Amino acid sequence: MATIVAEPTGIPVVEEHHEMSFIRKYIFSSDHKVIGIQFLFLSLFFLLVGGLLAMLMRWQLAWPGRPMPFGGLFPETMAPDGIMLPEFYISLVTMHGTFMVFFAIMLLLVGVYANYLIPLQIGAPDMAFPRLNMLSFWTAVPAGLIALASFAVEGGAAGAGWTSYAPLSGMPEYSGVSMGQQMWIVSLVLLGLSSILGSTNYITTVINMRAPGMLWTRMPLTVWALFITAILGLLAMPVLSGGLIMLLFDQTIGTHFFLPETGGQPLLWQHLFWFFGHPEVYILILPAMGFVSEILSAGSRKPVFGYKAMVGAIVAIAFLGFIVWGHHMFQSGMNPVLGTSFMVSTMVIAVPSAIKTFNWMGTMWRGNLHFHTPMLFAIGFVMLFVIGGLSGIFMASAPFDIFIHDTYFIVAHIHYVLFGGALFAIFAAIYYWFPKMFGRMMNDRWGKIHFALTFIFFNLAFFPMHTQGLAGMMRRLYDTSGYTHTADLQGTHLLITISAFALFATGVIFAINFFGSMFRGEKAPPNPWNATSLEWQTPSPPKHGNWEQAPVVYHGPHEYSHPDVTDKDWLAQNERPDVVSPAGH
Amino acid sequence: MNWSLPENIATYGGKIDALFWVITIVTGIAFVLVEVGIIWFCVKYRRREGHRAYYTHGSKSLEVLWTAVPALALVALGVYSASVWAYIKGRDAAPSESLHIAVSAKQFEWNVTYAGADEVLGTSDDFSTRNQLHFPVNRPILVWLEAEDVLHSFFIPQLRVKQDAVPGMTIPVWFEATKTGDYQIGCAELCGLGHYRMRARVTIHEPAAYEAWVGEQIAARAASGEPTVVAASADLGNDVGDGTGQHAGHDHSAGGM
Amino acid sequence: MEAHAMPYYGGRAPEKGLAVYTQKVGMWVFLCSEVMFFTGLIGSYIILRFGASETWPQPGEILNIPVTAINTFILICSSVTMVKAFAASEMGDKRGTRLYTLATAVIGAAFLGVQIYEYSELLGHGFGPWSGLYGSTFYTMTGFHGFHVFSGVVCMTWATVKAFRGGYDNGNYQGLEVLGLYWHFVDLVWIILFTIVYLI
Ligand SMILES: [Cu+2]
Ligand SMILES: [Cu+2]
C-alpha cells in the first residue's frame, strides 16, 4: 500500500486575529483551551485542599485526642491545644466530600476535559458559546472560594455531611453551624449554575459543531462520554439546585420543606439529593471511562473493542441512572416495596459497567501494549474500578445493605470508584494530554514511579476499610474506640492513616513533575502517542482557533494497526480516504 | 484485621450472612477473572519490536455473552435479595406474637419505652429507660422507631439490624435474638457533633429474667410515684444525656405517623 | 445551517446536527434544564401536599383566584405579542417588530406588578413563606416563576432597545426567536402552576 499523505482539506478560514491583552488572553479568556487549563489549576488546587482535610481526619482516627502536628495553628474553635474537636471533625468530613466530589473530581473530569477536548476532538474552532463558557468558569471560582471561606466564619464550615441530610442541615440548633451551612448551599447553587451553563455549551457544541465527516459513529469515546455526562448534569443539577434553595429557605426565611413540625418531610431532601446524586455518580465516572477507553486503545495499538457496545453502555447508564436513586435510601424509612424496585433497577445498571470492563480487556487482548505512564494509569483504573464496581453489588442488595449501610464499607467503595476509578483516569488524562496542553512532555520515569507508589498506597489505605465495614464500623465517627464490636480495629486505623500519609506524599512527586515539565519538559511533537483523534493532528499546543482549516473526517476514532496501512500502525481520522479506506469505517 | 462479619445472634441473621457469602463468591469469581486476565494480557501482549496488534473492532458473540451472563447473575441476585428483604423489612414482616417496644432517638441518646405488664404500649403501666434496651431472647421484638430532632440510625451489628430514625415518622423494626448477653446500639447516621458517642447498652435476658426485670421497674415506679427513667450505668462509657452543652434541652417533638 | 454563522467551516457545512442554528439548539438544551428545575419544585409540592392533605387549604381559601386569573390572561397576552414580534421581524416589518417587542416587555412587567400586589396583600394578611407548608410551597414556586419572568422582562427590555436601533431588521430575527422560546416556556410553566397551586 502506498504511504499516506496527510493533506489538509477544507477551505481556509477567514478569521481576524486581534492582539489580545494579557487579561483577555489568560484571565477572562473565552478560548476553550485556556478555560480548560484554568479549570485544571482550579481543580488541582481543590484536590490538594480536599486531600489536606483528609489527612487531618486520618490523624484523628489513628490517634484520637492526640494533638495534631502544627495543631497550634488552628483556632480554639477547631482544635484547642491542637486537639481536634468533634464539630471540627464533622466539618472536615463534610468539606472533604464536598471539595472532592464537586470541586476536584467533577471539575477535573468535566470542567477541564470537556472544555479542552470537545472542540478539538470534533474539529470545531471553539465552543458554541465561548463567552458563556468563560462565565461558567468564573461562576465556579467564587463557588469554590465561598466553600473554602466557610471555615473562617462563626460556627465553622458545614457539618451535616456532603449529603447534608435534613433536618440536621436545616436547623442551626441541631448542628451548631448556621453561616457555614448557608455558604455551603450558596456555593453549590453557584457551582450548579456553572455546571448547567457548561453542559448547555458542551451539548450544543457536540450536536451542531462537528467537523465535516465527524459522524456520531466517528466520535471518540471521550466525546461520547462527555456528551452524555453533560446531559446528566443538565438534567440532574437543576433538581439539586431546587432542593438546595428549599433547604436555604428552611434555614433563613422560615419555610418548612424538610422540617417535620408542620408536615415537612426529611425524606424529601434525600429523594431530591439522590435524584441528583446518582446521576452525579456517573458524571464522576463516565468521562473517566471515556479517557480510559481512548488511552487503552492508543496504548494497545488496537481499536476499542466493541465501540458500539461502549457507546450503548454509556447511553444505557444515562437512562437507568435516573431511576436508581433509591438505592441510597434502603434504610432511610422509605417504603420497603419501593426499595425492592430500586434494588432491581440497580442490579440492571451494573450490567453496562460489566460490558465496559470486558470490552477494555478485549481492547488489550492481542494488542501491542506500550506501558507509558498514561497507559499504566488507565490499566490501574480498570483494575481498581472493578473492585469498586463489585463492592457496589454488596450494597445494591438491600438486605445485605442493612448491615453495611453507613459503615466503612461504603467509604471503601466510594474511594475505589472515585479515587481508584476517577482519579486514576484523571492522572492518565493529565499525563496523556499534557503535551497537547503545554507543548511539553511530562517525565515518564517519574510518572511511572508516581503510578507505582500511588497504586500501592492507595490499596493499602483503602482496602482495609472494607474489613472495617464488614466488622460493622460506622462511618463519620470522630472516635471509633467506644464500640465493643470494633474496639480491636485501632491497628487497622493506624495502617490506613500511615498509608494515607504516604499516598498524599506521592502527590508531591506528581506536583514536581507537573510544574517542572511545564517549564523544563522535553518539547512535545504534535502527536507524541501516535494517536488517531483530531487533537493530535494539530500543533502542540494548538493555536487560537485550533486549525488553520477545518479538518475533514474520513475514519472512525480509534483506527490502530489497520492491515492496509503498512508504514505505521495508526490512521488519523482526517487522513485522505483515496489512499486508504478501512472496511466499514 | 477482621475479614468477616461479627457474631450473628439474630434469627434472620443467617439469611443476611448467606447473602453475603453468595455475593462474595459471585463477585470473587468476576474479580479473579478480570484481575488475572489483565495481568496476563499485560505480560503476554507487552510491546515487542516489529510486532503488530491484531486488528479487530470486537466480537458480537463474545459481547452478547458478557452482557447476558452478568445480566442473568445480577437479576438472579436481585430476585433472591428481594425475598430476604421482604422477610426482614416488609412493613408487615414482624411476627404477630412480637413484643412491642418504642424507641425514640434524640441528640445524643436512645430513649426506650416498654409496654409494662400488659404488653400494650400507650397504657399507664408503660415505663422508659435511657440508653439501655432490654428484651427477652427467643421472642420476636417489634421496635417502633422515632426521632425527636434529626435523623439517627438504630444499629445493632450482631442482630443485623439497622434502620434510620426519622423525625415525623414511626418506623417498625423487628428482630429476634437467639442468645442472651450484652451488646450495644450504635448510631449509624450522622446526627451532629455527638454522633460518635450516641450509644446504648443492649441486654438480652432469659424470658424469666426479663419478666423479673420488668417487675422491678414497675415496682420502682410505683414506689417513687413517677415514670421510671433508668439511665445506663457509666461503665459503658456513655456520657450522653447529662447535658451536652448547646444542644441540651432543645425539644422539637414531632407528630405521630 | 447559515453559512454566515459559521465562517470557520468555510463553504462546507459542519456535520449535520439538528439542522437548526446553534443559538436555538442552545436554548432548547437550556430549557431542558429548566424543565427539570420546575419538575423538582412541582414534584416536591405534590409529595408534600399528599403527605399533609388534611391540613391543606381549599382552593380560594387563602389565595385570590380572580386576580390571578386575570394575571394569567395578561401573561398569555404577552406570549401572543411575542409571537407577533417574531413574525414581524421575520417578515421584515420594522414597525411591528418594535411595537410588539415593547408590548411584550410592558405586559410582562405588568404581570410582575400584579404578582407583587398579590404578595403584598397576602403578606398583609399574615400569610408568608413561614405559614406552614402551604406558604412555603406557594411562595417558592410562584417566586421562582416570577424570577424567571423578571429575567425575561430584563431580556425583553434589552431586545426592545435593540429593536428600536434596528437590530432585528433585515431578516435578523434569530435573537427574537430564541428569546421567544424562553418566553413561551415561562408562560407554559405558569399555566401549570396556576392550575395546581390555585385551582386544584
Ligand atoms: Cu447511586
Ligand atoms: Cu448519630
# chains A, B, ... in the order shown; residues from 1 in each chain; ligands from 1
$ residues_near_ligand --ligand "ligand 1" --cutoff "7 Å" --atoms "only C-alpha atoms and all ligand atoms" --output "list in words"
Gly277, His278, Val281, Val324, Trp325, His327 and His328 of chain A
$ residues_near_ligand --ligand "ligand 2" --cutoff "6 Å" --atoms "only C-alpha atoms and all ligand atoms" --output "JSON, numbers by chain"
{"B": [152, 187, 188, 189, 190, 191, 195]}
$ write_last_selection --atoms "all heavy atoms" --output "compact mmCIF listing (two decimals), in the first residue's frame"
# COMPACT_ATOMS: atom_id res chain seq x y z
N HIS B 152 -31.33 9.75 62.93
CA HIS B 152 -30.38 8.87 63.61
C HIS B 152 -30.54 7.51 62.95
O HIS B 152 -31.41 7.32 62.11
CB HIS B 152 -30.70 8.76 65.10
CG HIS B 152 -30.71 10.08 65.81
ND1 HIS B 152 -29.56 10.66 66.31
CD2 HIS B 152 -31.71 10.96 66.07
CE1 HIS B 152 -29.87 11.82 66.86
NE2 HIS B 152 -31.16 12.04 66.73
N CYS B 187 -25.30 4.56 66.78
CA CYS B 187 -26.00 5.43 65.83
C CYS B 187 -25.20 5.42 64.53
O CYS B 187 -24.00 5.70 64.53
CB CYS B 187 -26.13 6.84 66.35
SG CYS B 187 -26.97 7.90 65.17
N ALA B 188 -25.87 5.08 63.45
CA ALA B 188 -25.16 4.94 62.18
C ALA B 188 -25.43 6.09 61.22
O ALA B 188 -24.94 6.09 60.10
CB ALA B 188 -25.54 3.62 61.51
N GLU B 189 -26.22 7.07 61.64
CA GLU B 189 -26.48 8.20 60.74
C GLU B 189 -25.97 9.46 61.40
O GLU B 189 -26.32 9.75 62.55
CB GLU B 189 -27.98 8.31 60.46
CG GLU B 189 -28.36 9.36 59.43
CD GLU B 189 -27.91 8.98 58.04
OE1 GLU B 189 -28.54 8.10 57.42
OE2 GLU B 189 -26.90 9.55 57.58
N LEU B 190 -25.15 10.20 60.66
CA LEU B 190 -24.58 11.42 61.21
C LEU B 190 -25.67 12.31 61.80
O LEU B 190 -26.62 12.68 61.11
CB LEU B 190 -23.84 12.18 60.11
CG LEU B 190 -23.22 13.52 60.51
CD1 LEU B 190 -22.17 13.31 61.58
CD2 LEU B 190 -22.61 14.22 59.31
N CYS B 191 -25.54 12.63 63.09
CA CYS B 191 -26.62 13.37 63.74
C CYS B 191 -26.09 14.58 64.49
O CYS B 191 -26.80 15.20 65.27
CB CYS B 191 -27.38 12.45 64.68
SG CYS B 191 -26.34 11.64 65.90
N HIS B 195 -22.44 12.49 67.51
CA HIS B 195 -22.80 11.26 66.80
C HIS B 195 -21.95 10.07 67.24
O HIS B 195 -22.45 8.97 67.45
CB HIS B 195 -22.64 11.53 65.30
CG HIS B 195 -22.74 10.33 64.44
ND1 HIS B 195 -23.80 9.44 64.52
CD2 HIS B 195 -21.92 9.84 63.48
CE1 HIS B 195 -23.61 8.48 63.63
NE2 HIS B 195 -22.49 8.70 63.00
$ residues_around --residues "Asp169 of chain C" --least-positions-apart "5" --cutoff "9 Å" --atoms "only C-alpha atoms" --output "JSON, numbers by chain"
{"C": [89, 90, 92, 93, 94, 97, 163]}
$ atom_distance --atom1 "atom CA of Ser195 of chain A" --atom2 "atom CA of Val239 of chain A"
12.6 Å
$ select_by_dssp --residues "segment 125-248 of chain B" --states "helix (DSSP H, G or I)" --output "PyMOL selection string"
chain B and resi 157-159+195-197+207-224+234-236+245-247
$ residues_around --residues "segment 103-106 of chain A" --least-positions-apart "2" --cutoff "8 Å" --atoms "only C-alpha atoms" --output "list in words"
Ser43, Leu44, Phe45, Phe46, Leu47, Gly50, Thr98, Phe99, Met100, Val101, Leu108, Leu109, Val110, Gly111, Gly144, Ile283, Leu284, Leu418, Ala422 and Leu423 of chain A
$ write_last_selection --atoms "C-alpha atoms" --output "mmCIF file, in the first residue's frame"
data_model
loop_
_atom_site.group_PDB
_atom_site.id
_atom_site.type_symbol
_atom_site.label_atom_id
_atom_site.label_comp_id
_atom_site.auth_asym_id
_atom_site.auth_seq_id
_atom_site.Cartn_x
_atom_site.Cartn_y
_atom_site.Cartn_z
ATOM 1 C CA SER A 43 -9.486 21.798 40.402
ATOM 2 C CA LEU A 44 -5.959 20.646 41.263
ATOM 3 C CA PHE A 45 -5.977 23.281 43.973
ATOM 4 C CA PHE A 46 -9.178 21.880 45.415
ATOM 5 C CA LEU A 47 -7.805 18.364 45.101
ATOM 6 C CA GLY A 50 -9.571 18.044 49.912
ATOM 7 C CA THR A 98 -17.791 18.440 49.077
ATOM 8 C CA PHE A 99 -14.437 19.573 47.723
ATOM 9 C CA MET A 100 -13.515 16.209 46.281
ATOM 10 C CA VAL A 101 -16.838 15.459 44.641
ATOM 11 C CA LEU A 108 -11.206 17.820 36.641
ATOM 12 C CA LEU A 109 -13.289 15.476 34.547
ATOM 13 C CA VAL A 110 -15.801 17.852 33.064
ATOM 14 C CA GLY A 111 -14.543 21.371 33.599
ATOM 15 C CA GLY A 144 -15.149 27.236 45.491
ATOM 16 C CA ILE A 283 -20.937 12.279 35.991
ATOM 17 C CA LEU A 284 -17.912 11.387 38.082
ATOM 18 C CA LEU A 418 -13.720 7.958 42.847
ATOM 19 C CA ALA A 422 -11.984 8.585 38.503
ATOM 20 C CA LEU A 423 -8.722 9.975 39.862
#
$ interface_residues --of "chain A" --to "chain C" --cutoff "7 Å" --atoms "only C-alpha atoms" --output "PDB file with N, CA, C and O atoms, in the first residue's frame"
ATOM      1  N   ILE A  11     -11.689  24.485   3.362  1.00  0.00           N
ATOM      2  CA  ILE A  11     -11.467  25.815   2.824  1.00  0.00           C
ATOM      3  C   ILE A  11     -10.836  26.699   3.893  1.00  0.00           C
ATOM      4  O   ILE A  11     -11.192  26.609   5.061  1.00  0.00           O
ATOM      5  N   PRO A  12      -9.870  27.508   3.512  1.00  0.00           N
ATOM      6  CA  PRO A  12      -9.193  28.336   4.511  1.00  0.00           C
ATOM      7  C   PRO A  12     -10.179  29.153   5.348  1.00  0.00           C
ATOM      8  O   PRO A  12     -11.216  29.575   4.861  1.00  0.00           O
ATOM      9  N   VAL A  13      -9.828  29.302   6.558  1.00  0.00           N
ATOM     10  CA  VAL A  13     -10.708  30.030   7.465  1.00  0.00           C
ATOM     11  C   VAL A  13     -10.429  31.516   7.366  1.00  0.00           C
ATOM     12  O   VAL A  13      -9.271  31.934   7.378  1.00  0.00           O
ATOM     13  N   VAL A  14     -11.490  32.271   7.277  1.00  0.00           N
ATOM     14  CA  VAL A  14     -11.302  33.709   7.319  1.00  0.00           C
ATOM     15  C   VAL A  14     -11.491  34.143   8.758  1.00  0.00           C
ATOM     16  O   VAL A  14     -12.571  34.074   9.302  1.00  0.00           O
ATOM     17  N   PRO A 125     -13.710  25.033  16.004  1.00  0.00           N
ATOM     18  CA  PRO A 125     -12.750  26.071  16.373  1.00  0.00           C
ATOM     19  C   PRO A 125     -12.838  26.456  17.838  1.00  0.00           C
ATOM     20  O   PRO A 125     -11.879  26.923  18.430  1.00  0.00           O
ATOM     21  N   ALA A 128     -19.589  26.357  21.238  1.00  0.00           N
ATOM     22  CA  ALA A 128     -20.697  27.055  20.597  1.00  0.00           C
ATOM     23  C   ALA A 128     -20.865  28.444  21.186  1.00  0.00           C
ATOM     24  O   ALA A 128     -21.147  29.402  20.469  1.00  0.00           O
ATOM     25  N   THR A 200     -24.895  23.031  28.855  1.00  0.00           N
ATOM     26  CA  THR A 200     -25.613  23.568  27.695  1.00  0.00           C
ATOM     27  C   THR A 200     -24.638  23.766  26.531  1.00  0.00           C
ATOM     28  O   THR A 200     -24.913  23.396  25.391  1.00  0.00           O
ATOM     29  N   ASN A 201     -23.491  24.299  26.883  1.00  0.00           N
ATOM     30  CA  ASN A 201     -22.480  24.574  25.882  1.00  0.00           C
ATOM     31  C   ASN A 201     -21.943  23.293  25.242  1.00  0.00           C
ATOM     32  O   ASN A 201     -21.849  23.176  24.026  1.00  0.00           O
ATOM     33  N   THR A 204     -24.624  21.549  23.013  1.00  0.00           N
ATOM     34  CA  THR A 204     -24.854  22.280  21.766  1.00  0.00           C
ATOM     35  C   THR A 204     -23.654  22.127  20.835  1.00  0.00           C
ATOM     36  O   THR A 204     -23.811  21.939  19.625  1.00  0.00           O
ATOM     37  N   ILE A 207     -23.652  18.689  19.273  1.00  0.00           N
ATOM     38  CA  ILE A 207     -24.739  18.499  18.309  1.00  0.00           C
ATOM     39  C   ILE A 207     -24.450  19.263  17.018  1.00  0.00           C
ATOM     40  O   ILE A 207     -24.619  18.736  15.923  1.00  0.00           O
ATOM     41  N   ASN A 208     -23.984  20.471  17.149  1.00  0.00           N
ATOM     42  CA  ASN A 208     -24.013  21.364  15.993  1.00  0.00           C
ATOM     43  C   ASN A 208     -22.673  21.745  15.394  1.00  0.00           C
ATOM     44  O   ASN A 208     -22.657  22.429  14.388  1.00  0.00           O
ATOM     45  N   MET A 209     -21.579  21.391  16.018  1.00  0.00           N
ATOM     46  CA  MET A 209     -20.320  21.941  15.526  1.00  0.00           C
ATOM     47  C   MET A 209     -19.297  20.902  15.133  1.00  0.00           C
ATOM     48  O   MET A 209     -18.105  21.180  15.076  1.00  0.00           O
ATOM     49  N   ARG A 210     -19.748  19.689  14.875  1.00  0.00           N
ATOM     50  CA  ARG A 210     -18.795  18.664  14.459  1.00  0.00           C
ATOM     51  C   ARG A 210     -18.280  18.971  13.049  1.00  0.00           C
ATOM     52  O   ARG A 210     -19.039  19.405  12.184  1.00  0.00           O
ATOM     53  N   ALA A 211     -17.003  18.711  12.846  1.00  0.00           N
ATOM     54  CA  ALA A 211     -16.393  18.976  11.551  1.00  0.00           C
ATOM     55  C   ALA A 211     -17.045  18.093  10.493  1.00  0.00           C
ATOM     56  O   ALA A 211     -17.608  17.054  10.806  1.00  0.00           O
ATOM     57  N   PRO A 212     -16.934  18.502   9.242  1.00  0.00           N
ATOM     58  CA  PRO A 212     -17.494  17.677   8.168  1.00  0.00           C
ATOM     59  C   PRO A 212     -16.955  16.253   8.272  1.00  0.00           C
ATOM     60  O   PRO A 212     -15.754  16.052   8.414  1.00  0.00           O
ATOM     61  N   GLY A 213     -17.839  15.295   8.211  1.00  0.00           N
ATOM     62  CA  GLY A 213     -17.418  13.895   8.265  1.00  0.00           C
ATOM     63  C   GLY A 213     -17.371  13.338   9.666  1.00  0.00           C
ATOM     64  O   GLY A 213     -17.215  12.126   9.842  1.00  0.00           O
ATOM     65  N   MET A 214     -17.491  14.200  10.687  1.00  0.00           N
ATOM     66  CA  MET A 214     -17.460  13.691  12.061  1.00  0.00           C
ATOM     67  C   MET A 214     -18.867  13.189  12.422  1.00  0.00           C
ATOM     68  O   MET A 214     -19.639  13.849  13.099  1.00  0.00           O
ATOM     69  N   LEU A 215     -19.177  11.984  11.922  1.00  0.00           N
ATOM     70  CA  LEU A 215     -20.479  11.387  12.198  1.00  0.00           C
ATOM     71  C   LEU A 215     -20.551  11.003  13.678  1.00  0.00           C
ATOM     72  O   LEU A 215     -19.534  10.885  14.350  1.00  0.00           O
ATOM     73  N   LEU A 234     -26.982  18.403  33.008  1.00  0.00           N
ATOM     74  CA  LEU A 234     -28.039  19.330  32.616  1.00  0.00           C
ATOM     75  C   LEU A 234     -29.359  18.977  33.295  1.00  0.00           C
ATOM     76  O   LEU A 234     -30.106  19.849  33.716  1.00  0.00           O
ATOM     77  N   LEU A 235     -29.649  17.688  33.377  1.00  0.00           N
ATOM     78  CA  LEU A 235     -30.951  17.271  33.907  1.00  0.00           C
ATOM     79  C   LEU A 235     -30.940  17.043  35.412  1.00  0.00           C
ATOM     80  O   LEU A 235     -31.973  17.148  36.062  1.00  0.00           O
ATOM     81  N   PRO A 238     -30.220  20.875  38.069  1.00  0.00           N
ATOM     82  CA  PRO A 238     -31.296  21.785  38.488  1.00  0.00           C
ATOM     83  C   PRO A 238     -32.143  21.209  39.616  1.00  0.00           C
ATOM     84  O   PRO A 238     -32.678  21.978  40.423  1.00  0.00           O
ATOM     85  N   VAL A 239     -32.268  19.891  39.677  1.00  0.00           N
ATOM     86  CA  VAL A 239     -33.057  19.305  40.767  1.00  0.00           C
ATOM     87  C   VAL A 239     -32.345  19.527  42.096  1.00  0.00           C
ATOM     88  O   VAL A 239     -32.957  19.861  43.110  1.00  0.00           O
ATOM     89  N   GLY A 242     -32.820  23.200  43.051  1.00  0.00           N
ATOM     90  CA  GLY A 242     -34.128  23.413  43.649  1.00  0.00           C
ATOM     91  C   GLY A 242     -34.140  22.978  45.104  1.00  0.00           C
ATOM     92  O   GLY A 242     -34.584  23.715  45.990  1.00  0.00           O
ATOM     93  N   ILE A 253     -35.681  31.863  55.799  1.00  0.00           N
ATOM     94  CA  ILE A 253     -36.944  32.607  55.812  1.00  0.00           C
ATOM     95  C   ILE A 253     -38.072  31.794  56.413  1.00  0.00           C
ATOM     96  O   ILE A 253     -39.247  32.141  56.258  1.00  0.00           O
ATOM     97  N   GLY A 254     -37.731  30.715  57.084  1.00  0.00           N
ATOM     98  CA  GLY A 254     -38.731  30.037  57.896  1.00  0.00           C
ATOM     99  C   GLY A 254     -39.697  29.140  57.154  1.00  0.00           C
ATOM    100  O   GLY A 254     -40.792  28.879  57.639  1.00  0.00           O
ATOM    101  N   THR A 255     -39.325  28.654  55.974  1.00  0.00           N
ATOM    102  CA  THR A 255     -40.172  27.648  55.326  1.00  0.00           C
ATOM    103  C   THR A 255     -39.997  26.307  56.031  1.00  0.00           C
ATOM    104  O   THR A 255     -39.147  26.166  56.915  1.00  0.00           O
ATOM    105  N   HIS A 256     -40.786  25.326  55.635  1.00  0.00           N
ATOM    106  CA  HIS A 256     -40.794  24.050  56.372  1.00  0.00           C
ATOM    107  C   HIS A 256     -40.701  22.854  55.446  1.00  0.00           C
ATOM    108  O   HIS A 256     -41.311  21.831  55.703  1.00  0.00           O
ATOM    109  N   PHE A 257     -39.947  22.972  54.383  1.00  0.00           N
ATOM    110  CA  PHE A 257     -39.936  21.863  53.417  1.00  0.00           C
ATOM    111  C   PHE A 257     -39.461  20.562  54.040  1.00  0.00           C
ATOM    112  O   PHE A 257     -40.040  19.511  53.847  1.00  0.00           O
ATOM    113  N   THR A 262     -44.431  20.948  60.835  1.00  0.00           N
ATOM    114  CA  THR A 262     -45.720  21.226  60.219  1.00  0.00           C
ATOM    115  C   THR A 262     -45.913  20.382  58.967  1.00  0.00           C
ATOM    116  O   THR A 262     -46.529  20.818  58.004  1.00  0.00           O
ATOM    117  N   GLY A 263     -45.380  19.183  58.990  1.00  0.00           N
ATOM    118  CA  GLY A 263     -45.646  18.271  57.880  1.00  0.00           C
ATOM    119  C   GLY A 263     -44.555  18.212  56.833  1.00  0.00           C
ATOM    120  O   GLY A 263     -44.661  17.471  55.864  1.00  0.00           O
ATOM    121  N   GLY A 264     -43.481  18.997  56.987  1.00  0.00           N
ATOM    122  CA  GLY A 264     -42.363  18.896  56.067  1.00  0.00           C
ATOM    123  C   GLY A 264     -41.745  17.510  56.149  1.00  0.00           C
ATOM    124  O   GLY A 264     -41.901  16.809  57.139  1.00  0.00           O
ATOM    125  N   ALA A 550     -10.681  23.858   8.619  1.00  0.00           N
ATOM    126  CA  ALA A 550     -11.483  22.829   9.264  1.00  0.00           C
ATOM    127  C   ALA A 550     -11.051  21.463   8.772  1.00  0.00           C
ATOM    128  O   ALA A 550     -10.936  21.240   7.573  1.00  0.00           O
TER     129      ALA A 550
END
$ closest_residue --among "A:Gly507, A:Gly545, A:Gly155, A:Gly392" --to "Leu48 of chain A" --atoms "only C-alpha atoms"
A:Gly507
$ residues_around --residues "Tyr12 of chain B" --least-positions-apart "3" --cutoff "10 Å" --atoms "only C-alpha atoms" --output "compact mmCIF listing (two decimals) with N, CA and C atoms, in the first residue's frame"
# COMPACT_ATOMS: atom_id res chain seq x y z
N ASN B 8 -23.22 -13.47 64.80
CA ASN B 8 -24.63 -13.28 64.48
C ASN B 8 -25.50 -13.88 65.57
N ILE B 9 -26.42 -13.06 66.12
CA ILE B 9 -27.32 -13.58 67.15
C ILE B 9 -28.77 -13.36 66.76
N LYS B 15 -29.79 -15.48 57.08
CA LYS B 15 -30.17 -15.15 55.70
C LYS B 15 -29.27 -14.05 55.14
N ILE B 16 -28.99 -13.05 55.99
CA ILE B 16 -28.14 -11.94 55.54
C ILE B 16 -26.72 -12.43 55.31
N ASP B 17 -26.23 -13.24 56.24
CA ASP B 17 -24.86 -13.73 56.10
C ASP B 17 -24.72 -14.65 54.89
N VAL B 84 -35.49 -12.00 50.73
CA VAL B 84 -34.92 -11.76 52.06
C VAL B 84 -35.34 -10.39 52.58
N TYR B 87 -38.84 -10.34 53.82
CA TYR B 87 -38.95 -11.08 55.08
C TYR B 87 -38.49 -10.21 56.26
N ILE B 88 -37.44 -9.42 56.04
CA ILE B 88 -36.88 -8.65 57.15
C ILE B 88 -37.53 -7.29 57.29
N LEU B 159 -27.17 -8.18 65.70
CA LEU B 159 -28.55 -8.53 65.35
C LEU B 159 -28.85 -8.25 63.88
N ARG B 160 -27.85 -7.79 63.15
CA ARG B 160 -28.01 -7.50 61.72
C ARG B 160 -29.20 -6.56 61.48
N VAL B 161 -29.37 -5.60 62.36
CA VAL B 161 -30.48 -4.69 62.20
C VAL B 161 -29.97 -3.26 62.11
N PHE B 175 -36.86 -7.91 65.09
CA PHE B 175 -35.72 -8.84 65.15
C PHE B 175 -35.99 -9.83 66.26
N GLU B 176 -35.25 -10.92 66.26
CA GLU B 176 -35.39 -11.92 67.32
C GLU B 176 -34.00 -12.45 67.64
N ALA B 177 -33.62 -12.35 68.90
CA ALA B 177 -32.28 -12.79 69.29
C ALA B 177 -32.29 -14.27 69.65
N THR B 178 -31.17 -14.91 69.39
CA THR B 178 -31.06 -16.34 69.69
C THR B 178 -30.16 -16.58 70.89
$ residues_around --residues "Val150 of chain B" --least-positions-apart "4" --cutoff "7 Å" --atoms "only C-alpha atoms" --output "PyMOL selection string"
(chain A and resi 167-168) or (chain B and resi 166-167+191)
$ write_last_selection --atoms "all heavy atoms" --output "mmCIF file, in the first residue's frame"
data_model
loop_
_atom_site.group_PDB
_atom_site.id
_atom_site.type_symbol
_atom_site.label_atom_id
_atom_site.label_comp_id
_atom_site.auth_asym_id
_atom_site.auth_seq_id
_atom_site.Cartn_x
_atom_site.Cartn_y
_atom_site.Cartn_z
ATOM 1 N N PRO A 167 -33.150 16.961 58.908
ATOM 2 C CA PRO A 167 -33.149 18.337 59.409
ATOM 3 C C PRO A 167 -31.810 18.810 59.988
ATOM 4 O O PRO A 167 -31.727 19.994 60.308
ATOM 5 C CB PRO A 167 -34.191 18.317 60.528
ATOM 6 C CG PRO A 167 -34.803 16.967 60.544
ATOM 7 C CD PRO A 167 -33.895 16.061 59.819
ATOM 8 N N LEU A 168 -30.819 17.930 60.100
ATOM 9 C CA LEU A 168 -29.559 18.391 60.682
ATOM 10 C C LEU A 168 -29.031 19.598 59.914
ATOM 11 O O LEU A 168 -28.514 20.551 60.493
ATOM 12 C CB LEU A 168 -28.522 17.256 60.661
ATOM 13 C CG LEU A 168 -27.182 17.553 61.311
ATOM 14 C CD1 LEU A 168 -27.330 17.838 62.786
ATOM 15 C CD2 LEU A 168 -26.199 16.397 61.103
ATOM 16 N N VAL B 166 -36.451 8.691 61.769
ATOM 17 C CA VAL B 166 -36.745 9.924 61.050
ATOM 18 C C VAL B 166 -37.754 10.734 61.851
ATOM 19 O O VAL B 166 -38.807 10.208 62.208
ATOM 20 C CB VAL B 166 -37.327 9.608 59.655
ATOM 21 C CG1 VAL B 166 -37.545 10.897 58.865
ATOM 22 C CG2 VAL B 166 -36.426 8.662 58.900
ATOM 23 N N PRO B 167 -37.454 12.002 62.133
ATOM 24 C CA PRO B 167 -38.444 12.813 62.836
ATOM 25 C C PRO B 167 -39.718 12.912 61.997
ATOM 26 O O PRO B 167 -39.659 13.117 60.791
ATOM 27 C CB PRO B 167 -37.763 14.178 62.990
ATOM 28 C CG PRO B 167 -36.614 14.175 62.048
ATOM 29 C CD PRO B 167 -36.213 12.756 61.846
ATOM 30 N N CYS B 191 -25.543 12.634 63.092
ATOM 31 C CA CYS B 191 -26.617 13.375 63.744
ATOM 32 C C CYS B 191 -26.087 14.583 64.490
ATOM 33 O O CYS B 191 -26.798 15.196 65.274
ATOM 34 C CB CYS B 191 -27.382 12.454 64.685
ATOM 35 S SG CYS B 191 -26.339 11.641 65.899
#
$ select_by_dssp --residues "segment 11-250 of chain B" --states "strand (DSSP E)" --output "PyMOL selection string"
chain B and resi 99-106+109-114+127-130+132-136+141-147+152-156+161-165+171-175+181-187+200-205+229-231
$ residues_around --residues "Ala94 of chain B" --least-positions-apart "5" --cutoff "12 Å" --atoms "only C-alpha atoms" --output "PyMOL selection string"
chain B and resi 12+86-89+99-100+139-144+171-176
